[in-house]
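Before any comments, here is the structure.
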Amino acid sequence: MSKVLVVLAHPHTDVRSLSMEVYEKFIEEYRLQHPDDDIIIRDLFAQPFPAMDNTTFIAIAKQHVGMELSKQEDQLLSTRTAWLNEFIEADKYIFVNPMYNHFLPAELKEYIDITAVARKTFRYTPEGAVGLLHNKKAIQIRATGGTYHNDVPHGEFEKNFDAPYLEMMLNYYGIRDVEHIYVEGAARHRDQTEEIVNQALKEASVAAKKF
């Protein structure tokens, strides 16, 4: 049995979400293929979030030098530790997000900041940082209105930083098996929306069976 952590970095809306639509197909097929797996949903837009702000930095600094923490600071660091341990203990990761201005939603970037902890997800060595999370895998399901990867005509290529950054950070942690399902171009090619979605749904069904 595997522990699967789903990281939903998507706002809640009544408007059709292509990334969530493809995710729902993926997770439906995954449950059919892996009925005994433990699936944990971490919804970054719905759950209280221990952001990296002034309060957090002060609490971390106080903890580092052994100073007494306030009740609020203790609760904050306890929550961050729980989120970090949840991430470390997972065997598989499913990230679901739209692209915002060529990058990740801020909530997902802050989540990565929570998990990027020396001696927990990576460690420093004389040769550089080494990941500590091994034999794990991840998949990202991401929708964009334009086309950001694959073969597009010269001059039309738009920079995509979100997927490479996420994969780079996962690699940094030692997670090398990383896949992506891209739902791209539905806004640019509105007449092809259903074709684009159906192709992504097929990819999701296939990917879920082997994930």
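Labeling convention for the structure tokens: chains A, B, ... as they appear, residues from 1 per chain, ligands from 1 in order of appearance.
The shell of residues at most 8 Å from stretch 82-93 of chain A, with only C-alpha atoms counted and near chain neighbours (fewer than 4 positions) removed, consists of Ser2, Lys3, Val4, Leu5, Val6, Val7, Ser78, Ile114, Thr115, Lys120, Thr121, Leu133, Asn135, Lys136, Lys137, Ala138 and Ile139 of chain A.
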DSSP alpha helix (DSSP H) residues within stretch 58-109 of chain A, as number ranges by chain: A: 58-64, 71-89, 106-109
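Here the strand (DSSP E) residues in stretch 108-201 of chain A, by DSSP on the backbone, are Phe122, Arg123, Tyr124, Thr125, Gly128, Ala129, Val130, Gly131, Lys137, Ala138, Ile139, Gln140, Ile141, Arg142, Ala143, Thr144, Asp177, Val178, Glu179, His180, Ile181, Tyr182, Val183 and Glu184 of chain A.
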Non-local contacts of stretch 42-59 of chain A (9 Å; only C-alpha atoms; under 2 positions in same chain excluded) as a list of chain:residue names: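 Counting only C-alpha atoms, the residues come to A:Leu5, A:Val6, A:Val7, A:Leu8, A:Ala9, A:His10, A:Pro11, A:His12, A:Ile40, A:Ala61, A:Lys62, A:Gln63, A:His64, A:Leu69, A:Ser70, A:Glu73, A:Asp74, A:Leu76, A:Leu77, A:Thr79, A:Arg80, A:Glu107, A:Leu108, A:Glu110, A:Tyr111, A:Asp113, A:Ile114.
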Nearest to A:Ile112: which of A:Asp14, A:Glu203, A:Glu167, A:Glu184 is it, counting only C-alpha atoms?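 That would be A:Glu167, the residue with the smallest distance to A:Ile112.
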Of the candidates A:Tyr182, A:Phe161, A:Tyr172, A:Phe122, which one gets nearest to A:Leu201 if we count only C-alpha atoms?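 Checking each of A:Tyr182, A:Phe161, A:Tyr172, A:Phe122 against A:Leu201, counting only C-alpha atoms, the winner is A:Tyr182.
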Could you pull the residues within 10 Å of A:Tyr30, counting only C-alpha atoms, minus those fewer than 2 positions along the same chain, as a PyMOL selection string? chain A and resi 24-28+32-35+37+204-211
Name all residues at most 9 Å from A:Val197 (count only C-alpha atoms; drop same-chain ones fewer than 4 positions away) and give them as a PyMOL selection string. chain A and resi 18+21-22+183-184+186+192-193+201-202
Can I get the selection written as a compact mmCIF listing (two decimals), in the first residue's frame, with N, CA, C and O atoms?
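Everything below was put into again_17.txt:
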# COMPACT_ATOMS: atom_id res chain seq x y z
N LEU A 18 -10.04 23.15 -16.22
CA LEU A 18 -9.54 22.03 -17.01
C LEU A 18 -8.53 21.19 -16.24
O LEU A 18 -8.51 19.96 -16.37
N GLU A 21 -10.56 19.09 -13.89
CA GLU A 21 -11.30 18.09 -14.64
C GLU A 21 -10.39 16.90 -14.99
O GLU A 21 -10.79 15.73 -14.85
N VAL A 22 -9.19 17.19 -15.42
CA VAL A 22 -8.25 16.12 -15.75
C VAL A 22 -7.77 15.41 -14.48
O VAL A 22 -7.62 14.19 -14.46
N VAL A 183 -2.42 20.45 -20.02
CA VAL A 183 -3.69 20.76 -20.70
C VAL A 183 -3.51 22.17 -21.24
O VAL A 183 -3.74 23.15 -20.54
N GLU A 184 -3.08 22.27 -22.48
CA GLU A 184 -2.63 23.56 -22.99
C GLU A 184 -3.39 24.02 -24.23
O GLU A 184 -3.78 23.22 -25.08
N ALA A 186 -6.30 25.83 -24.60
CA ALA A 186 -7.75 25.89 -24.69
C ALA A 186 -8.27 27.31 -24.87
O ALA A 186 -9.32 27.53 -25.49
N GLN A 192 -10.85 24.28 -30.34
CA GLN A 192 -10.26 22.97 -30.12
C GLN A 192 -10.29 22.55 -28.65
O GLN A 192 -9.66 21.56 -28.26
N THR A 193 -11.05 23.27 -27.83
CA THR A 193 -11.06 23.01 -26.39
C THR A 193 -11.38 21.56 -26.06
O THR A 193 -10.66 20.91 -25.28
N LEU A 201 -7.45 13.91 -20.97
CA LEU A 201 -8.15 12.88 -20.20
C LEU A 201 -7.63 11.48 -20.52
O LEU A 201 -7.48 10.64 -19.64
N LYS A 202 -7.35 11.27 -21.79
CA LYS A 202 -6.77 9.98 -22.19
C LYS A 202 -5.40 9.79 -21.56
O LYS A 202 -5.07 8.71 -21.06
Distance of atom CA of A:Phe103 from atom CA of A:Asn171, expressed in Å to one decimal place: 17.8 Å
